[in-house]
Every structure is written in C-alpha cells, then in structure tokens.
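entry-v4.cif follows (mmCIF, C-alpha atoms):
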data_upload
loop_
_atom_site.label_atom_id
_atom_site.label_comp_id
_atom_site.auth_asym_id
_atom_site.auth_seq_id
_atom_site.Cartn_x
_atom_site.Cartn_y
_atom_site.Cartn_z
CA MET A 1 26.52 -10.51 9.61
CA SER A 2 26.49 -10.13 5.81
CA ARG A 3 24.62 -7.37 3.95
CA VAL A 4 22.11 -9.94 2.66
CA ASP A 5 21.45 -11.14 6.22
CA VAL A 6 20.95 -7.58 7.50
CA LYS A 7 18.57 -6.75 4.66
CA SER A 8 16.63 -9.98 5.29
CA LEU A 9 16.46 -9.18 9.02
CA ILE A 10 15.09 -5.71 8.25
CA VAL A 11 12.42 -7.17 5.95
CA GLN A 12 11.44 -9.76 8.59
CA SER A 13 11.13 -7.08 11.24
CA ALA A 14 9.15 -4.80 8.94
CA THR A 15 6.86 -7.67 7.93
CA ALA A 16 5.99 -8.41 11.55
CA LEU A 17 5.43 -4.78 12.51
CA PHE A 18 3.53 -3.75 9.38
CA SER A 19 1.31 -6.83 9.81
CA LYS A 20 0.61 -5.97 13.44
CA TYR A 21 0.25 -2.19 13.33
CA GLY A 22 -0.29 -1.32 9.67
CA PHE A 23 1.80 0.86 7.39
CA SER A 24 0.90 4.27 8.74
CA ARG A 25 1.34 3.38 12.44
CA THR A 26 4.71 1.65 11.99
CA THR A 27 7.85 3.77 12.03
CA MET A 28 11.30 3.08 10.66
CA GLU A 29 12.61 3.69 14.18
CA GLU A 30 10.43 0.87 15.57
CA ILE A 31 11.56 -1.50 12.81
CA ALA A 32 15.21 -0.70 13.58
CA LYS A 33 14.71 -0.99 17.33
CA ASN A 34 13.08 -4.38 16.88
CA ILE A 35 16.33 -5.76 15.39
CA HIS A 36 18.67 -3.72 17.61
CA LYS A 37 20.01 -1.58 14.76
CA ALA A 38 20.29 2.14 14.26
CA LYS A 39 17.58 3.70 12.09
CA GLY A 40 20.29 4.82 9.64
CA VAL A 41 21.02 1.17 8.83
CA LEU A 42 17.51 0.81 7.40
CA TYR A 43 18.07 3.81 5.14
CA TYR A 44 21.26 2.22 3.84
CA TYR A 45 19.15 -0.59 2.37
CA PHE A 46 15.84 1.21 1.74
CA LYS A 47 15.41 4.85 0.72
CA SER A 48 12.07 5.17 2.51
CA LYS A 49 9.41 3.39 4.52
CA GLU A 50 7.41 3.10 1.26
CA GLU A 51 10.26 1.26 -0.45
CA LEU A 52 10.58 -1.08 2.53
CA PHE A 53 6.84 -1.78 2.55
CA ASN A 54 7.02 -2.56 -1.18
CA GLU A 55 9.78 -5.07 -0.46
CA VAL A 56 7.67 -6.66 2.28
CA LEU A 57 4.65 -6.83 -0.03
CA LYS A 58 6.71 -8.32 -2.88
CA ASP A 59 8.12 -10.93 -0.52
CA GLU A 60 4.64 -11.81 0.74
CA LEU A 61 3.20 -12.09 -2.79
CA ASN A 62 6.23 -14.01 -4.08
CA ASN A 63 5.43 -16.72 -1.52
CA VAL A 64 1.87 -16.84 -2.86
CA LYS A 65 3.16 -16.96 -6.46
CA ARG A 66 5.47 -19.89 -5.68
CA GLU A 67 2.65 -21.98 -4.23
CA LEU A 68 0.20 -21.14 -7.03
CA SER A 69 2.81 -21.90 -9.70
CA LYS A 70 3.27 -25.39 -8.20
CA ILE A 71 -0.44 -26.07 -8.67
CA VAL A 72 -0.43 -25.07 -12.33
CA SER A 73 2.75 -27.03 -13.09
CA ASN A 74 1.42 -30.38 -11.83
CA SER A 75 -0.43 -32.97 -13.89
CA ASP A 76 -3.95 -32.57 -12.48
CA ASP A 77 -6.83 -32.18 -14.87
CA PRO A 78 -7.58 -28.48 -15.45
CA LEU A 79 -10.76 -28.41 -13.35
CA THR A 80 -9.05 -29.90 -10.31
CA MET A 81 -6.16 -27.53 -10.97
CA PHE A 82 -8.50 -24.53 -11.00
CA GLU A 83 -10.24 -25.67 -7.80
CA LYS A 84 -6.88 -26.05 -6.02
CA TYR A 85 -5.73 -22.71 -7.41
CA PHE A 86 -8.85 -20.92 -6.22
CA LEU A 87 -8.85 -22.41 -2.71
CA THR A 88 -5.09 -22.07 -2.21
CA ARG A 89 -5.11 -18.47 -3.44
CA LEU A 90 -7.83 -17.46 -0.98
CA LYS A 91 -6.13 -19.26 1.89
CA LEU A 92 -2.65 -17.86 1.22
CA LEU A 93 -3.91 -14.31 0.77
CA ASN A 94 -5.91 -14.64 3.98
CA ASN A 95 -2.55 -14.98 5.74
CA SER A 96 -0.94 -12.12 3.75
CA LEU A 97 -1.73 -9.33 6.18
CA ASN A 98 0.31 -6.67 4.41
CA TYR A 99 -1.60 -7.41 1.21
CA HIS A 100 -4.81 -6.76 3.18
CA GLU A 101 -3.49 -3.29 3.97
CA THR A 102 -3.32 -2.48 0.24
CA LEU A 103 -7.00 -3.44 -0.21
CA LYS A 104 -8.18 -0.57 1.95
CA ALA A 105 -9.51 2.18 -0.30
CA GLU A 106 -7.96 4.98 1.74
CA PHE A 107 -4.58 3.24 1.71
CA PHE A 108 -4.53 2.81 -2.06
CA GLU A 109 -5.69 6.39 -2.63
CA GLU A 110 -2.93 7.78 -0.43
CA TYR A 111 -0.10 5.35 -1.19
CA HIS A 112 0.21 4.78 -4.94
CA PHE A 113 3.65 3.21 -4.52
CA VAL A 114 2.08 -0.26 -4.14
CA LYS A 115 0.41 -0.11 -7.58
CA ASP A 116 3.35 -1.71 -9.43
CA VAL A 117 3.54 -4.64 -6.99
CA ARG A 118 -0.22 -5.20 -7.17
CA ASP A 119 -0.20 -4.91 -10.99
CA ASP A 120 2.62 -7.45 -11.18
CA PHE A 121 0.63 -9.91 -9.06
CA ALA A 122 -2.50 -9.34 -11.19
CA GLN A 123 -0.51 -10.03 -14.38
CA PHE A 124 0.96 -13.18 -12.82
CA GLU A 125 -2.56 -14.39 -11.96
CA ARG A 126 -3.86 -13.54 -15.42
CA GLU A 127 -1.12 -15.70 -16.99
CA LEU A 128 -1.69 -18.69 -14.67
CA ILE A 129 -5.47 -18.67 -15.05
CA THR A 130 -5.07 -18.33 -18.83
CA THR A 131 -2.83 -21.42 -18.75
CA ILE A 132 -5.48 -23.37 -16.81
CA MET A 133 -8.26 -22.22 -19.18
CA ASN A 134 -6.26 -23.11 -22.30
CA LYS A 135 -5.53 -26.55 -20.87
CA GLY A 136 -9.21 -26.98 -20.04
CA LYS A 137 -10.23 -26.03 -23.57
CA ASP A 138 -7.54 -28.18 -25.23
CA GLU A 139 -8.50 -31.23 -23.15
CA GLY A 140 -12.24 -30.78 -23.73
CA TYR A 141 -13.18 -29.81 -20.18
CA LEU A 142 -14.29 -26.30 -21.05
CA GLU A 143 -16.14 -24.74 -23.95
CA VAL A 144 -14.89 -21.16 -23.92
CA LYS A 145 -15.21 -18.82 -26.88
CA ASN A 146 -13.13 -15.97 -25.48
CA ILE A 147 -10.50 -17.03 -22.97
CA THR A 148 -9.23 -13.49 -22.34
CA SER A 149 -12.70 -12.27 -21.46
CA SER A 150 -13.36 -15.32 -19.27
CA VAL A 151 -10.08 -14.83 -17.40
CA ASN A 152 -10.98 -11.17 -16.80
CA ILE A 153 -14.37 -12.16 -15.34
CA ILE A 154 -12.76 -14.82 -13.12
CA LEU A 155 -10.30 -12.23 -11.80
CA ILE A 156 -13.13 -9.77 -11.12
CA VAL A 157 -15.05 -12.43 -9.18
CA ILE A 158 -12.01 -13.58 -7.20
CA SER A 159 -10.88 -10.06 -6.33
CA GLY A 160 -14.47 -9.17 -5.42
CA LEU A 161 -14.26 -11.69 -2.58
CA GLU A 162 -11.19 -10.08 -1.04
CA ASN A 163 -12.78 -7.20 0.88
CA PRO A 164 -15.44 -9.25 2.67
CA LEU A 165 -13.12 -12.19 3.32
CA TYR A 166 -10.03 -10.28 4.42
CA LEU A 167 -10.95 -6.75 5.48
CA GLN A 168 -14.18 -7.83 7.16
CA LYS A 169 -12.35 -10.93 8.47
CA LYS A 170 -14.96 -13.42 7.26
CA TYR A 171 -12.60 -15.96 5.66
CA ASN A 172 -12.66 -18.41 8.58
CA GLU A 173 -16.44 -18.14 8.82
CA TYR A 174 -16.92 -19.01 5.13
CA GLU A 175 -13.93 -21.26 4.42
CA SER A 176 -15.86 -24.56 4.47
CA THR A 177 -18.69 -23.08 2.39
CA ILE A 178 -16.18 -21.83 -0.20
CA GLU A 179 -14.67 -25.33 -0.36
CA GLU A 180 -18.11 -26.91 -0.82
CA LEU A 181 -19.07 -24.42 -3.51
CA SER A 182 -15.85 -24.88 -5.49
CA THR A 183 -16.20 -28.69 -5.29
CA LEU A 184 -19.79 -28.42 -6.50
CA ILE A 185 -18.81 -26.25 -9.47
CA VAL A 186 -15.92 -28.51 -10.48
CA SER A 187 -18.05 -31.66 -10.08
CA SER A 188 -20.75 -30.12 -12.28
CA LEU A 189 -18.23 -29.26 -14.99
CA LYS A 190 -16.74 -32.78 -14.85
CA SER A 191 -20.26 -34.27 -15.18
CA PHE A 192 -20.87 -31.98 -18.16
CA LYS A 193 -17.71 -33.33 -19.83
CA LYS A 194 -18.85 -36.94 -19.29
CA ILE A 195 -22.23 -36.22 -20.88
CA ASN A 196 -20.55 -34.75 -23.96
#
File written out as structure tokens:
Amino acid sequence: MSRVDVKSLIVQSATALFSKYGFSRTTMEEIAKNIHKAKGVLYYYFKSKEELFNEVLKDELNNVKRELSKIVSNSDDPLTMFEKYFLTRLKLLNNSLNYHETLKAEFFEEYHFVKDVRDDFAQFERELITTIMNKGKDEGYLEVKNITSSVNIILIVISGLENPLYLQKKYNEYESTIEELSTLIVSSLKSFKKIN
C-alpha cells in the first residue's frame, strides 16, 4: 500500500470516528485500530490528533467547496444561482458532521487549531457570494449600493442558521420550509426585475 493510500485510509478512519464520537472522545489509538495499523503509523503522517482533525475538516469542507463552485460556474441567472447556492450549502453542511463539532462554543474556545480552516472556508464563501452579487448587479437583477456590506450581511444570516439547524438537529424539520422561503424570495426579486 502506497503512502498516499495509507494517509487516505487514516483520514477515512478518522472522519468516521470523529463524526460518530466527536473530537475529544476519539483517540489516535482507536483510529489506528480501526484500520489495523499501529498508532505510530498515524504519527508518521500527522504530528497530533489536532492536525489529523484539521485534515478531516479540510477534506469535508473541500467537498462542499467543489459542489458550491459548480453552482457559481454554471450559466444560471444570478438569482437562481444564489438560491441553489443557499440550499446546497445548507444541505451539504448538514451532512458535514465534523464541521458541526467546530460550531460548538466550548470546542472553538478550547481548540483554536480549527480557526485557519474555518477562516479559509469563510473567505471562499465571501468570494463566491461576491461573484453572484456582482453578476446580479451587472445583469440588472439586483440594485446593491455596497456589495461588500451586503455579502457580509448574507454571511451573518447564513451562519446564524447553523446552530439551530445543525447543533439542535432541526435541518430535516425545516428543510421544506427553507426551500419554500428561498423560492419565494427569488421569485419576488425576479418579479421586481420584470417591473423595472
């Protein structure tokens, strides 16, 4: 088995165990045992459990980034693009259980090592939403005076949904309502464009 395969196997094992038991209750020994390797093998690839968790989190968020980037790179009108972005983001992050771990206040206070990964994801989102907003303004769908400020507010609103949807496990309960609400907002904005 190549070094890349072993590293990938470690990350897969860690992903499953961190998702199931959380960061603090998962040990490097359990991760190693799960793939029938000695614990020392894990330390060959990762200096610490924190570094391994960061790799798991990056991997999880990279999957989300790939899917969201596809939405922004297609030829939909910007309002449809934003609706798809919003709904897809919430759905994908609902399934990103290790990301949920980083939303817990006590986790973030104790484990600052995830800050860089979370900041990177926030910057990625800021860039994609800015792209959607600029397209919306350029094509006459949106009248926005300050795109930077608008993007910041959108990010505050979206991230404000995370705790109730993910930590309180209410996503499935509200999924259809979120879809209806986003369709209503986009339909209203499209009607506004037709009037003007």
Close residues, region 57-65 of chain A itself excluded, 9 Å, all atoms listed in the file, min 4 positions apart in chain, as a ChimeraX atom specification: /A:11,15,52-53,69-70,88-89,92-93,96-99,114,117-118,121,124-125
Restricting it to C-alpha atoms, dump the selection as a tab-separated table (two decimals), keeping the file's coordinate frame.
chain	number	residue	atom	x	y	z
A	11	VAL	CA	12.42	-7.17	5.95
A	15	THR	CA	6.86	-7.67	7.93
A	52	LEU	CA	10.58	-1.08	2.53
A	53	PHE	CA	6.84	-1.78	2.55
A	69	SER	CA	2.81	-21.90	-9.70
A	70	LYS	CA	3.27	-25.39	-8.20
A	88	THR	CA	-5.09	-22.07	-2.21
A	89	ARG	CA	-5.11	-18.47	-3.44
A	92	LEU	CA	-2.65	-17.86	1.22
A	93	LEU	CA	-3.91	-14.31	0.77
A	96	SER	CA	-0.94	-12.12	3.75
A	97	LEU	CA	-1.73	-9.33	6.18
A	98	ASN	CA	0.31	-6.67	4.41
A	99	TYR	CA	-1.60	-7.41	1.21
A	114	VAL	CA	2.08	-0.26	-4.14
A	117	VAL	CA	3.54	-4.64	-6.99
A	118	ARG	CA	-0.22	-5.20	-7.17
A	121	PHE	CA	0.63	-9.91	-9.06
A	124	PHE	CA	0.96	-13.18	-12.82
A	125	GLU	CA	-2.56	-14.39	-11.96
Can you list, as a short mmCIF file (atom, residue, chain, number, x, y, z; two decimals) with C-alpha atoms, in the frame of the given file, every protein, DNA or RNA residue that comes within 8 Å of region 24-28 of chain A when you count only C-alpha atoms, leaving out same-chain residues fewer than 3 positions away?
data_model
loop_
_atom_site.label_atom_id
_atom_site.label_comp_id
_atom_site.auth_asym_id
_atom_site.auth_seq_id
_atom_site.Cartn_x
_atom_site.Cartn_y
_atom_site.Cartn_z
CA LEU A 17 5.43 -4.78 12.51
CA PHE A 18 3.53 -3.75 9.38
CA TYR A 21 0.25 -2.19 13.33
CA ILE A 31 11.56 -1.50 12.81
CA ALA A 32 15.21 -0.70 13.58
CA LYS A 39 17.58 3.70 12.09
CA LEU A 42 17.51 0.81 7.40
CA LYS A 49 9.41 3.39 4.52
#
Go through A:Lys37, A:Ile10, A:His100, A:Pro78 one by one, measure the shortest atom-to-atom distance of each to Lys169 (chain A) using all atoms listed in the file, and give the residue with the smallest value.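 Residue with the minimum atom-to-atom distance to Lys169 (chain A): A:His100.
Between Leu79 (chain A) and the candidates A:Ile147, A:Ile132, A:Leu165, A:Ala14, the tightest atom-to-atom separation, counting all atoms listed in the file, involves A:Ile132.
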Measuring atom to atom with all atoms listed in the file, identify which of A:Glu139, A:Ala38, A:Ile185, A:Arg126 is nearest to Ile156 (chain A). A:Arg126
Selection under test: the PyMOL selection byres ((chain A and resi 45) around 9); residues as an NGL selection string: :A and (3 or 6-7 or 10 or 41-44 or 46-47 or 52)
Could you list, as JSON, numbers by chain, every residue within 12 Å of Lys137 (chain A), counting all atoms listed in the file and ignoring same-chain residues fewer than 2 positions away? {"A": [77, 78, 79, 130, 131, 132, 133, 134, 135, 139, 140, 141, 142, 143, 144, 145, 146, 147, 150, 193]}
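Proximity to Leu181 (chain A) was assessed for A:Ser48, A:Leu68, A:Leu9, A:Glu83 counting all atoms listed in the file; the smallest distance is recorded for A:Glu83.
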If I take CA of Thr80 (chain A) and CA of Leu103 (chain A), how far is one from the other in Å, to one decimal?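 Value for the CA of Thr80 (chain A)-CA of Leu103 (chain A) distance: 28.4 Å.
Counting from CA of Glu175 (chain A), the distance to CA of Ile154 (chain A) is 18.7 Å.
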In Å, rounded to a single decimal, give me how far CA of Ala105 (chain A) is from CA of Glu55 (chain A).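 Computing the Euclidean distance for CA of Glu55 (chain A) and CA of Ala105 (chain A) yields 20.6 Å.
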Find the residue from A:Gly136, A:Ser149, A:Asn94, A:Phe113 that sits nearest to Gln168 (chain A); use only C-alpha atoms when measuring.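 Among A:Gly136, A:Ser149, A:Asn94, A:Phe113, it is A:Asn94 that comes nearest to Gln168 (chain A).
With distances restricted to only C-alpha atoms, A:Ile129 is the closest residue to Tyr85 (chain A) from A:Ala122, A:Ile178, A:Ile129, A:Leu155.
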Would you output region 58-93 of chain A from that structure, restricted to C-alpha atoms, as a PDB file, in the first residue's frame?
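As a result, part.pdb now contains:
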ATOM      1  CA  LYS A  58     -10.384  20.427   5.288  1.00  0.00           C
ATOM      2  CA  ASP A  59     -11.385  17.329   3.349  1.00  0.00           C
ATOM      3  CA  GLU A  60     -15.017  17.719   4.421  1.00  0.00           C
ATOM      4  CA  LEU A  61     -15.117  21.423   3.517  1.00  0.00           C
ATOM      5  CA  ASN A  62     -13.260  20.863   0.233  1.00  0.00           C
ATOM      6  CA  ASN A  63     -16.130  18.603  -0.850  1.00  0.00           C
ATOM      7  CA  VAL A  64     -18.566  21.413  -0.014  1.00  0.00           C
ATOM      8  CA  LYS A  65     -16.390  23.936  -1.892  1.00  0.00           C
ATOM      9  CA  ARG A  66     -16.317  21.764  -5.016  1.00  0.00           C
ATOM     10  CA  GLU A  67     -20.102  21.499  -5.161  1.00  0.00           C
ATOM     11  CA  LEU A  68     -20.676  25.198  -4.468  1.00  0.00           C
ATOM     12  CA  SER A  69     -18.096  26.208  -7.086  1.00  0.00           C
ATOM     13  CA  LYS A  70     -20.012  24.176  -9.697  1.00  0.00           C
ATOM     14  CA  ILE A  71     -23.147  26.213  -8.975  1.00  0.00           C
ATOM     15  CA  VAL A  72     -21.390  29.551  -9.414  1.00  0.00           C
ATOM     16  CA  SER A  73     -19.616  28.454 -12.602  1.00  0.00           C
ATOM     17  CA  ASN A  74     -22.796  27.475 -14.477  1.00  0.00           C
ATOM     18  CA  SER A  75     -24.888  29.758 -16.671  1.00  0.00           C
ATOM     19  CA  ASP A  76     -27.949  30.221 -14.441  1.00  0.00           C
ATOM     20  CA  ASP A  77     -29.232  33.702 -13.805  1.00  0.00           C
ATOM     21  CA  PRO A  78     -27.749  35.102 -10.581  1.00  0.00           C
ATOM     22  CA  LEU A  79     -30.935  34.754  -8.520  1.00  0.00           C
ATOM     23  CA  THR A  80     -31.359  31.081  -9.397  1.00  0.00           C
ATOM     24  CA  MET A  81     -27.642  30.657  -8.761  1.00  0.00           C
ATOM     25  CA  PHE A  82     -27.960  32.210  -5.301  1.00  0.00           C
ATOM     26  CA  GLU A  83     -30.989  30.062  -4.453  1.00  0.00           C
ATOM     27  CA  LYS A  84     -29.126  26.886  -5.477  1.00  0.00           C
ATOM     28  CA  TYR A  85     -26.047  28.053  -3.590  1.00  0.00           C
ATOM     29  CA  PHE A  86     -28.005  28.731  -0.410  1.00  0.00           C
ATOM     30  CA  LEU A  87     -29.940  25.445  -0.445  1.00  0.00           C
ATOM     31  CA  THR A  88     -26.958  23.315  -1.470  1.00  0.00           C
ATOM     32  CA  ARG A  89     -24.732  24.919   1.162  1.00  0.00           C
ATOM     33  CA  LEU A  90     -27.190  24.185   3.961  1.00  0.00           C
ATOM     34  CA  LYS A  91     -27.728  20.620   2.772  1.00  0.00           C
ATOM     35  CA  LEU A  92     -24.042  19.797   2.348  1.00  0.00           C
ATOM     36  CA  LEU A  93     -23.077  21.294   5.702  1.00  0.00           C
TER      37      LEU A  93
END
